[in-house]
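Coordinates as given in structure-v4.txt (compact mmCIF, C-alpha atoms and all ligand atoms):
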# COMPACT_ATOMS: atom_id res chain seq x y z
CA MET A 24 -162.43 -42.77 -131.67
CA GLU A 25 -161.46 -43.04 -128.01
CA ILE A 26 -162.16 -45.88 -125.63
CA ARG A 27 -162.98 -45.07 -122.04
CA ILE A 28 -162.35 -47.80 -119.50
CA ALA A 29 -163.40 -47.68 -115.85
CA THR A 30 -162.54 -50.47 -113.43
CA LEU A 31 -165.46 -50.80 -111.06
CA SER A 32 -164.24 -53.72 -108.95
CA GLU A 33 -160.85 -55.27 -108.31
CA ASN A 34 -158.81 -56.83 -105.50
CA THR A 35 -157.20 -53.52 -104.59
CA ALA A 36 -158.57 -50.01 -104.76
CA ASN A 37 -157.56 -46.46 -105.46
CA LEU A 38 -158.24 -43.95 -102.67
CA GLY A 39 -161.88 -43.83 -101.65
CA PHE A 40 -163.05 -46.92 -103.55
CA LEU A 41 -164.00 -50.39 -102.35
CA ALA A 42 -161.87 -53.43 -103.15
CA GLU A 43 -162.91 -57.06 -103.12
CA TRP A 44 -161.50 -60.20 -104.73
CA GLY A 45 -162.94 -60.15 -108.24
CA LEU A 46 -163.18 -57.99 -111.31
CA SER A 47 -165.57 -55.68 -113.13
CA ILE A 48 -164.57 -53.38 -116.00
CA LEU A 49 -166.80 -50.94 -117.88
CA VAL A 50 -165.86 -50.17 -121.47
CA GLU A 51 -167.30 -47.28 -123.47
CA PHE A 52 -166.63 -47.09 -127.20
CA ASN A 53 -168.51 -45.31 -129.93
CA GLY A 54 -171.42 -44.56 -127.59
CA ILE A 55 -171.84 -48.19 -126.48
CA MET A 56 -171.24 -49.19 -122.85
CA VAL A 57 -170.31 -52.80 -122.16
CA LEU A 58 -169.86 -54.08 -118.63
CA VAL A 59 -167.38 -56.97 -118.47
CA ASP A 60 -168.05 -58.93 -115.26
CA THR A 61 -169.56 -57.68 -112.05
CA GLY A 62 -167.12 -58.40 -109.18
CA SER A 63 -167.96 -60.61 -106.19
CA THR A 64 -170.72 -58.70 -104.43
CA PHE A 65 -171.68 -55.02 -104.33
CA SER A 66 -168.40 -53.16 -104.92
CA ALA A 67 -168.99 -52.64 -108.66
CA ALA A 68 -172.34 -50.97 -108.04
CA HIS A 69 -170.92 -48.96 -105.13
CA ASN A 70 -167.80 -47.79 -106.97
CA ALA A 71 -169.77 -46.94 -110.13
CA GLN A 72 -171.85 -44.53 -108.06
CA LEU A 73 -168.69 -42.95 -106.59
CA MET A 74 -167.32 -42.54 -110.12
CA GLY A 75 -170.51 -40.83 -111.27
CA ILE A 76 -171.37 -43.73 -113.58
CA ASP A 77 -175.04 -44.61 -113.91
CA LEU A 78 -175.21 -48.37 -114.44
CA ALA A 79 -178.77 -47.94 -115.72
CA THR A 80 -177.17 -46.62 -118.93
CA ILE A 81 -175.08 -49.70 -119.84
CA ASP A 82 -175.97 -51.42 -123.12
CA CYS A 83 -175.00 -54.99 -122.28
CA ILE A 84 -173.14 -57.24 -119.87
CA VAL A 85 -170.48 -59.77 -120.86
CA LEU A 86 -169.57 -62.50 -118.37
CA SER A 87 -165.99 -63.68 -118.88
CA HIS A 88 -166.74 -67.02 -117.14
CA GLY A 89 -168.90 -68.48 -114.40
CA HIS A 90 -166.65 -67.97 -111.34
CA ALA A 91 -168.39 -66.16 -108.50
CA ASP A 92 -165.79 -63.40 -108.27
CA HIS A 93 -166.93 -62.25 -111.74
CA THR A 94 -170.65 -63.04 -111.58
CA GLY A 95 -171.47 -62.35 -107.91
CA GLY A 96 -172.25 -58.67 -108.48
CA LEU A 97 -174.91 -59.44 -111.10
CA ARG A 98 -177.83 -59.08 -108.71
CA GLU A 99 -176.74 -55.57 -107.64
CA VAL A 100 -176.11 -54.48 -111.24
CA LEU A 101 -179.43 -55.87 -112.46
CA ARG A 102 -181.24 -54.08 -109.64
CA LEU A 103 -179.89 -50.82 -111.04
CA LYS A 104 -180.20 -51.66 -114.73
CA GLY A 105 -183.29 -53.84 -115.11
CA GLU A 106 -183.65 -55.55 -118.46
CA VAL A 107 -180.33 -56.09 -120.25
CA GLU A 108 -178.64 -58.56 -122.57
CA VAL A 109 -176.09 -60.78 -120.79
CA ILE A 110 -173.64 -62.49 -123.14
CA ALA A 111 -171.87 -65.60 -121.84
CA HIS A 112 -170.80 -69.13 -122.65
CA PRO A 113 -173.37 -71.79 -121.61
CA ASP A 114 -170.80 -73.45 -119.30
CA ILE A 115 -171.13 -70.59 -116.81
CA TRP A 116 -173.82 -72.83 -115.25
CA THR A 117 -171.51 -75.79 -114.57
CA ALA A 118 -170.94 -76.45 -110.85
CA LYS A 119 -167.49 -74.93 -110.33
CA TYR A 120 -165.23 -75.64 -107.35
CA THR A 121 -161.80 -74.50 -106.21
CA ARG A 122 -159.32 -76.49 -104.10
CA ARG A 123 -156.20 -75.19 -102.38
CA GLY A 124 -153.62 -77.77 -101.26
CA GLN A 125 -155.26 -80.39 -99.09
CA GLN A 126 -158.05 -78.09 -97.96
CA SER A 127 -161.61 -79.04 -98.73
CA VAL A 128 -163.11 -77.82 -101.96
CA ARG A 129 -165.15 -74.65 -102.03
CA TYR A 130 -168.01 -73.85 -104.39
CA ASN A 131 -166.88 -71.02 -106.66
CA GLY A 132 -169.58 -71.06 -109.35
CA MET A 133 -172.44 -68.80 -110.27
CA PRO A 134 -174.08 -67.82 -106.95
CA PHE A 135 -177.56 -67.19 -108.42
CA SER A 136 -180.12 -69.25 -110.27
CA ARG A 137 -180.88 -68.42 -113.87
CA LYS A 138 -184.50 -67.88 -112.85
CA GLU A 139 -183.60 -65.24 -110.25
CA LEU A 140 -181.36 -63.34 -112.67
CA GLU A 141 -184.00 -63.45 -115.39
CA SER A 142 -186.60 -62.16 -112.96
CA LEU A 143 -184.28 -59.19 -112.32
CA GLY A 144 -184.00 -58.45 -116.06
CA ALA A 145 -181.12 -60.62 -117.38
CA ARG A 146 -181.74 -61.60 -121.01
CA PHE A 147 -179.12 -64.28 -121.57
CA LYS A 148 -177.47 -64.80 -124.91
CA PHE A 149 -175.40 -67.98 -124.72
CA ALA A 150 -172.75 -68.69 -127.32
CA ARG A 151 -169.63 -70.80 -127.71
CA GLU A 152 -168.69 -68.69 -130.72
CA PRO A 153 -167.71 -65.01 -130.80
CA VAL A 154 -170.60 -62.58 -130.42
CA HIS A 155 -170.58 -59.19 -132.14
CA ILE A 156 -172.08 -56.49 -129.91
CA THR A 157 -171.33 -53.91 -132.60
CA GLU A 158 -169.23 -54.15 -135.73
CA ASN A 159 -166.10 -53.34 -133.69
CA ILE A 160 -166.89 -54.81 -130.28
CA LEU A 161 -166.98 -58.59 -129.95
CA THR A 162 -166.41 -61.42 -127.54
CA THR A 163 -163.74 -64.02 -128.24
CA GLY A 164 -165.98 -67.03 -127.76
CA GLU A 165 -164.03 -70.16 -126.77
CA ILE A 166 -160.29 -69.58 -126.70
CA PRO A 167 -158.10 -72.27 -128.30
CA MET A 168 -155.10 -73.24 -126.17
CA ILE A 169 -152.31 -72.94 -128.72
CA SER A 170 -149.31 -71.38 -126.95
CA GLY A 171 -148.14 -74.76 -125.66
CA TYR A 172 -147.13 -73.48 -122.19
CA GLU A 173 -150.31 -71.88 -120.83
CA GLU A 174 -152.35 -74.33 -118.78
CA ILE A 175 -155.49 -74.08 -116.73
CA GLU A 176 -154.65 -74.12 -113.05
CA ASN A 177 -155.07 -77.59 -111.54
CA ASN A 178 -157.06 -76.44 -108.50
CA LEU A 179 -160.19 -75.69 -110.55
CA PHE A 180 -162.91 -78.31 -110.90
CA VAL A 181 -166.43 -78.95 -112.05
CA ARG A 182 -168.73 -81.35 -110.26
CA LYS A 183 -170.55 -83.80 -112.51
CA ALA A 184 -172.59 -86.74 -111.20
CA GLY A 185 -171.13 -86.16 -107.71
CA LYS A 186 -167.49 -86.30 -108.87
CA LEU A 187 -164.94 -83.54 -109.34
CA HIS A 188 -163.29 -83.24 -112.74
CA PRO A 189 -160.70 -80.68 -113.94
CA ASP A 190 -162.53 -77.63 -115.25
CA PRO A 191 -161.64 -77.01 -118.92
CA LEU A 192 -162.96 -73.44 -118.46
CA ALA A 193 -164.45 -73.54 -121.96
CA ASP A 194 -166.52 -70.59 -120.74
CA ASP A 195 -163.44 -68.37 -120.37
CA LEU A 196 -163.71 -65.49 -122.84
CA ALA A 197 -162.56 -61.91 -123.32
CA LEU A 198 -163.88 -58.75 -124.94
CA ILE A 199 -162.20 -57.34 -128.06
CA ILE A 200 -162.51 -53.74 -129.20
CA ASP A 201 -161.20 -53.39 -132.75
CA THR A 202 -160.07 -49.77 -133.10
CA GLU A 203 -158.14 -47.77 -135.67
CA PHE A 204 -155.17 -47.69 -133.24
CA GLY A 205 -155.15 -51.45 -132.69
CA LEU A 206 -156.96 -54.13 -130.74
CA VAL A 207 -157.91 -53.59 -127.12
CA VAL A 208 -158.48 -56.83 -125.21
CA ILE A 209 -160.33 -56.86 -121.89
CA LEU A 210 -159.64 -59.99 -119.86
CA GLY A 211 -161.68 -61.54 -117.06
CA CYS A 212 -159.34 -64.11 -115.53
CA ALA A 213 -157.60 -65.32 -118.73
CA HIS A 214 -157.83 -68.86 -117.38
CA ARG A 215 -156.98 -70.08 -120.89
CA GLY A 216 -153.89 -67.89 -120.97
CA ILE A 217 -153.26 -64.25 -121.80
CA VAL A 218 -151.19 -65.11 -124.88
CA ASN A 219 -153.77 -67.61 -126.15
CA THR A 220 -156.43 -64.93 -125.68
CA VAL A 221 -154.51 -62.21 -127.49
CA ARG A 222 -153.50 -64.54 -130.35
CA HIS A 223 -157.15 -65.59 -130.70
CA ALA A 224 -158.20 -61.92 -130.84
CA GLN A 225 -155.66 -61.36 -133.64
CA ASN A 226 -156.85 -64.41 -135.55
CA LEU A 227 -160.52 -63.55 -135.20
CA THR A 228 -160.16 -59.97 -136.37
CA GLY A 229 -157.34 -60.54 -138.84
CA LYS A 230 -155.54 -57.61 -137.16
CA GLU A 231 -151.95 -57.91 -135.92
CA LEU A 232 -151.71 -54.65 -134.05
CA VAL A 233 -152.58 -54.98 -130.36
CA TYR A 234 -152.75 -51.67 -128.54
CA ALA A 235 -153.77 -52.68 -125.02
CA VAL A 236 -154.46 -55.69 -122.83
CA ILE A 237 -156.30 -54.98 -119.59
CA GLY A 238 -157.65 -57.23 -116.84
CA GLY A 239 -156.92 -60.47 -114.99
CA THR A 240 -154.03 -62.52 -116.38
CA HIS A 241 -154.13 -65.50 -114.02
CA LEU A 242 -150.37 -65.60 -113.64
CA VAL A 243 -150.75 -65.91 -109.86
CA ARG A 244 -149.04 -69.19 -108.88
CA SER A 245 -147.57 -69.54 -112.41
CA SER A 246 -144.04 -70.89 -112.78
CA GLU A 247 -141.22 -68.46 -113.52
CA GLU A 248 -140.83 -70.24 -116.84
CA ARG A 249 -144.40 -69.46 -117.84
CA ILE A 250 -144.08 -65.84 -116.73
CA GLU A 251 -140.90 -65.40 -118.78
CA LYS A 252 -142.44 -67.02 -121.87
CA THR A 253 -145.50 -64.80 -121.46
CA ILE A 254 -143.29 -61.71 -121.31
CA ALA A 255 -141.41 -62.79 -124.44
CA ASP A 256 -144.62 -63.41 -126.38
CA LEU A 257 -146.24 -60.14 -125.26
CA LYS A 258 -143.10 -58.30 -126.37
CA GLU A 259 -143.22 -60.03 -129.73
CA ILE A 260 -146.88 -59.08 -130.10
CA GLY A 261 -145.81 -55.53 -129.25
CA ILE A 262 -148.56 -54.29 -126.93
CA GLN A 263 -148.43 -50.62 -125.98
CA ARG A 264 -150.46 -50.67 -122.74
CA LEU A 265 -150.65 -53.52 -120.23
CA GLY A 266 -152.97 -52.99 -117.26
CA VAL A 267 -153.04 -56.01 -114.99
CA SER A 268 -155.60 -56.81 -112.36
CA HIS A 269 -156.96 -59.40 -110.01
CA CYS A 270 -155.43 -62.87 -110.50
CA THR A 271 -152.09 -61.60 -111.84
CA GLY A 272 -150.46 -61.87 -108.44
CA PHE A 273 -147.62 -59.87 -106.94
CA LYS A 274 -144.72 -61.81 -108.43
CA ALA A 275 -145.93 -61.67 -112.03
CA SER A 276 -147.05 -58.04 -111.62
CA ALA A 277 -143.57 -57.08 -110.41
CA ARG A 278 -141.89 -58.87 -113.33
CA LEU A 279 -144.27 -57.37 -115.89
CA SER A 280 -143.79 -53.90 -114.41
CA GLN A 281 -140.02 -54.31 -114.62
CA GLU A 282 -140.14 -55.47 -118.25
CA PHE A 283 -142.85 -53.22 -119.64
CA GLU A 284 -141.92 -50.07 -117.68
CA ASP A 285 -144.22 -47.19 -118.71
CA THR A 286 -146.38 -49.50 -120.81
CA PHE A 287 -147.43 -51.26 -117.59
CA PHE A 288 -149.95 -50.17 -114.98
CA MET A 289 -151.86 -51.73 -112.12
CA ASN A 290 -155.54 -51.67 -113.02
CA ASN A 291 -157.40 -51.33 -109.71
CA SER A 292 -160.87 -50.36 -108.49
CA GLY A 293 -161.37 -46.73 -109.39
CA THR A 294 -158.86 -46.72 -112.31
CA ARG A 295 -160.11 -44.71 -115.28
CA ILE A 296 -158.23 -44.57 -118.53
CA THR A 297 -158.87 -43.21 -121.97
CA LEU A 298 -157.18 -44.85 -124.95
CA PRO A 299 -155.22 -44.14 -127.05
FE FE A 301 -161.84 -67.30 -112.49
FE FE A 302 -161.20 -64.39 -111.00
Please, can you express the file's structure as structure tokens?
Amino acid sequence: MEIRIATLSENTANLGFLAEWGLSILVEFNGIMVLVDTGSTFSAAHNAQLMGIDLATIDCIVLSHGHADHTGGLREVLRLKGEVEVIAHPDIWTAKYTRRGQQSVRYNGMPFSRKELESLGARFKFAREPVHITENILTTGEIPMISGYEEIENNLFVRKAGKLHPDPLADDLALIIDTEFGLVVILGCAHRGIVNTVRHAQNLTGKELVYAVIGGTHLVRSSEERIEKTIADLKEIGIQRLGVSHCTGFKASARLSQEFEDTFFMNNSGTRITLP
């Protein structure tokens, strides 16, 4: 059984498509269409139309976390789809902020109220645990941080009682497709670490074989040490396709490309792949 993956929104774009900072990936497996994230604004809806994809036909939406560059396209998608299940961790509603250097903090959380999204058709299913969409398609739920070297970036905060606290990003999750040719893991930002995410997918499914990892890896601004450890662990895991997007950053993308050669690809707006 094949998986078809179409990247609807990403920081860079293939010819003719729109790019914006953010991510949105549509996965089709066994007749079920799952939209992972929605980009920042309207590029996912726009690019889907260019790709001949009717977003009214998706079966559910998974939000990888609450950051606006993954949830900001929800309004446009819901306008096209209407009523649909939206699977997410309850912490997507925490007030999320980002700080860069000494600059002032910027709100980077969910840009819509729950009420507005529900009025447009969102039927939220909140869970801290994995959620099975079908027998072979599931979310990771909360991702344990076990690798020992993957940390959440220190410029991410939540505001509670008027004070900023480091954001534990408990809401960070990924989508797992458990196929006969191995696991396929679709990442949002992988704030909790790409290796932690993949190891969690293996533990949850009891399957060792990982065929593909696709999406944001959040290695942008990571130390060389972390990038090298990530490469070593991904090689040990033995993935056969690595499609990076979004918050991977140029430096890590270049290193991963060098190491993984033909296994590696840049997963941009307009990228369509069929696995295996
Ligand atoms: Fe994020
Ligand atoms: Fe992001």
Closest of A:Lys183, A:His90, A:Lys230, A:His69 to Ile200 of chain A - atom-to-atom distances counting all atoms listed in the file: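 Looking only at the distances to Ile200 of chain A, the closest residue turns out to be A:Lys230.
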If you take all atoms listed in the file and a cut-off of 9 Å, which residues of chain A touch ligand FE 301 (chain A), and what are their nearest atom pairs and distances in Å to one decimal, in chain and number order, as JSON lines?
{"residue": "A:Gly45", "atom": "CA", "partner": "A:FE301", "partner_atom": "FE", "distance": 8.4}
{"residue": "A:Ser87", "atom": "CA", "partner": "A:FE301", "partner_atom": "FE", "distance": 8.4}
{"residue": "A:His88", "atom": "CA", "partner": "A:FE301", "partner_atom": "FE", "distance": 6.8}
{"residue": "A:Gly89", "atom": "CA", "partner": "A:FE301", "partner_atom": "FE", "distance": 7.4}
{"residue": "A:His90", "atom": "CA", "partner": "A:FE301", "partner_atom": "FE", "distance": 5.0}
{"residue": "A:Ala91", "atom": "CA", "partner": "A:FE301", "partner_atom": "FE", "distance": 7.8}
{"residue": "A:Asp92", "atom": "CA", "partner": "A:FE301", "partner_atom": "FE", "distance": 7.0}
{"residue": "A:His93", "atom": "CA", "partner": "A:FE301", "partner_atom": "FE", "distance": 7.2}
{"residue": "A:Asn131", "atom": "CA", "partner": "A:FE301", "partner_atom": "FE", "distance": 8.6}
{"residue": "A:Leu179", "atom": "CA", "partner": "A:FE301", "partner_atom": "FE", "distance": 8.8}
{"residue": "A:Leu192", "atom": "CA", "partner": "A:FE301", "partner_atom": "FE", "distance": 8.6}
{"residue": "A:Asp195", "atom": "CA", "partner": "A:FE301", "partner_atom": "FE", "distance": 8.1}
{"residue": "A:Gly211", "atom": "CA", "partner": "A:FE301", "partner_atom": "FE", "distance": 7.4}
{"residue": "A:Cys212", "atom": "CA", "partner": "A:FE301", "partner_atom": "FE", "distance": 5.1}
{"residue": "A:Ala213", "atom": "CA", "partner": "A:FE301", "partner_atom": "FE", "distance": 7.8}
{"residue": "A:His214", "atom": "CA", "partner": "A:FE301", "partner_atom": "FE", "distance": 6.5}
{"residue": "A:Gly239", "atom": "CA", "partner": "A:FE301", "partner_atom": "FE", "distance": 8.8}
{"residue": "A:His241", "atom": "CA", "partner": "A:FE301", "partner_atom": "FE", "distance": 8.1}
{"residue": "A:Cys270", "atom": "CA", "partner": "A:FE301", "partner_atom": "FE", "distance": 8.0}
Which residues, written as a ChimeraX atom specification, have at least one atom at most 8 Å from Gly216 of chain A, with all atoms listed in the file counted and residues fewer than 5 positions away on the same chain left out? /A:168,173-175,240-241
Tell me which of A:Thr64, A:Ser246, A:Ser136, A:Ser268 sits closest to ligand FE 302 (chain A), counting all atoms listed in the file. A:Ser268
Counting all atoms listed in the file, which residue out of A:Val57, A:Leu227, A:Ile237, A:Ile260 sits closest to Thr294 of chain A? A:Ile237
From (-164.4, -40.5, -125.9), in the file's coordinates, out to 10 Å: which residues are reached, counting only C-alpha atoms? Answer as a ChimeraX atom specification. /A:24-28,51-54,297-299
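Across the structure, atom CA of Gln225 of chain A and atom CA of Asp201 of chain A are spaced 9.7 Å apart.
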Could you check which of A:Ala235, A:Ala277, A:Leu242, A:Ile81 is closest to ligand FE 302 (chain A), using all atoms listed in the file?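 Ranked by minimum distance to ligand FE 302 (chain A), first place goes to A:Leu242.
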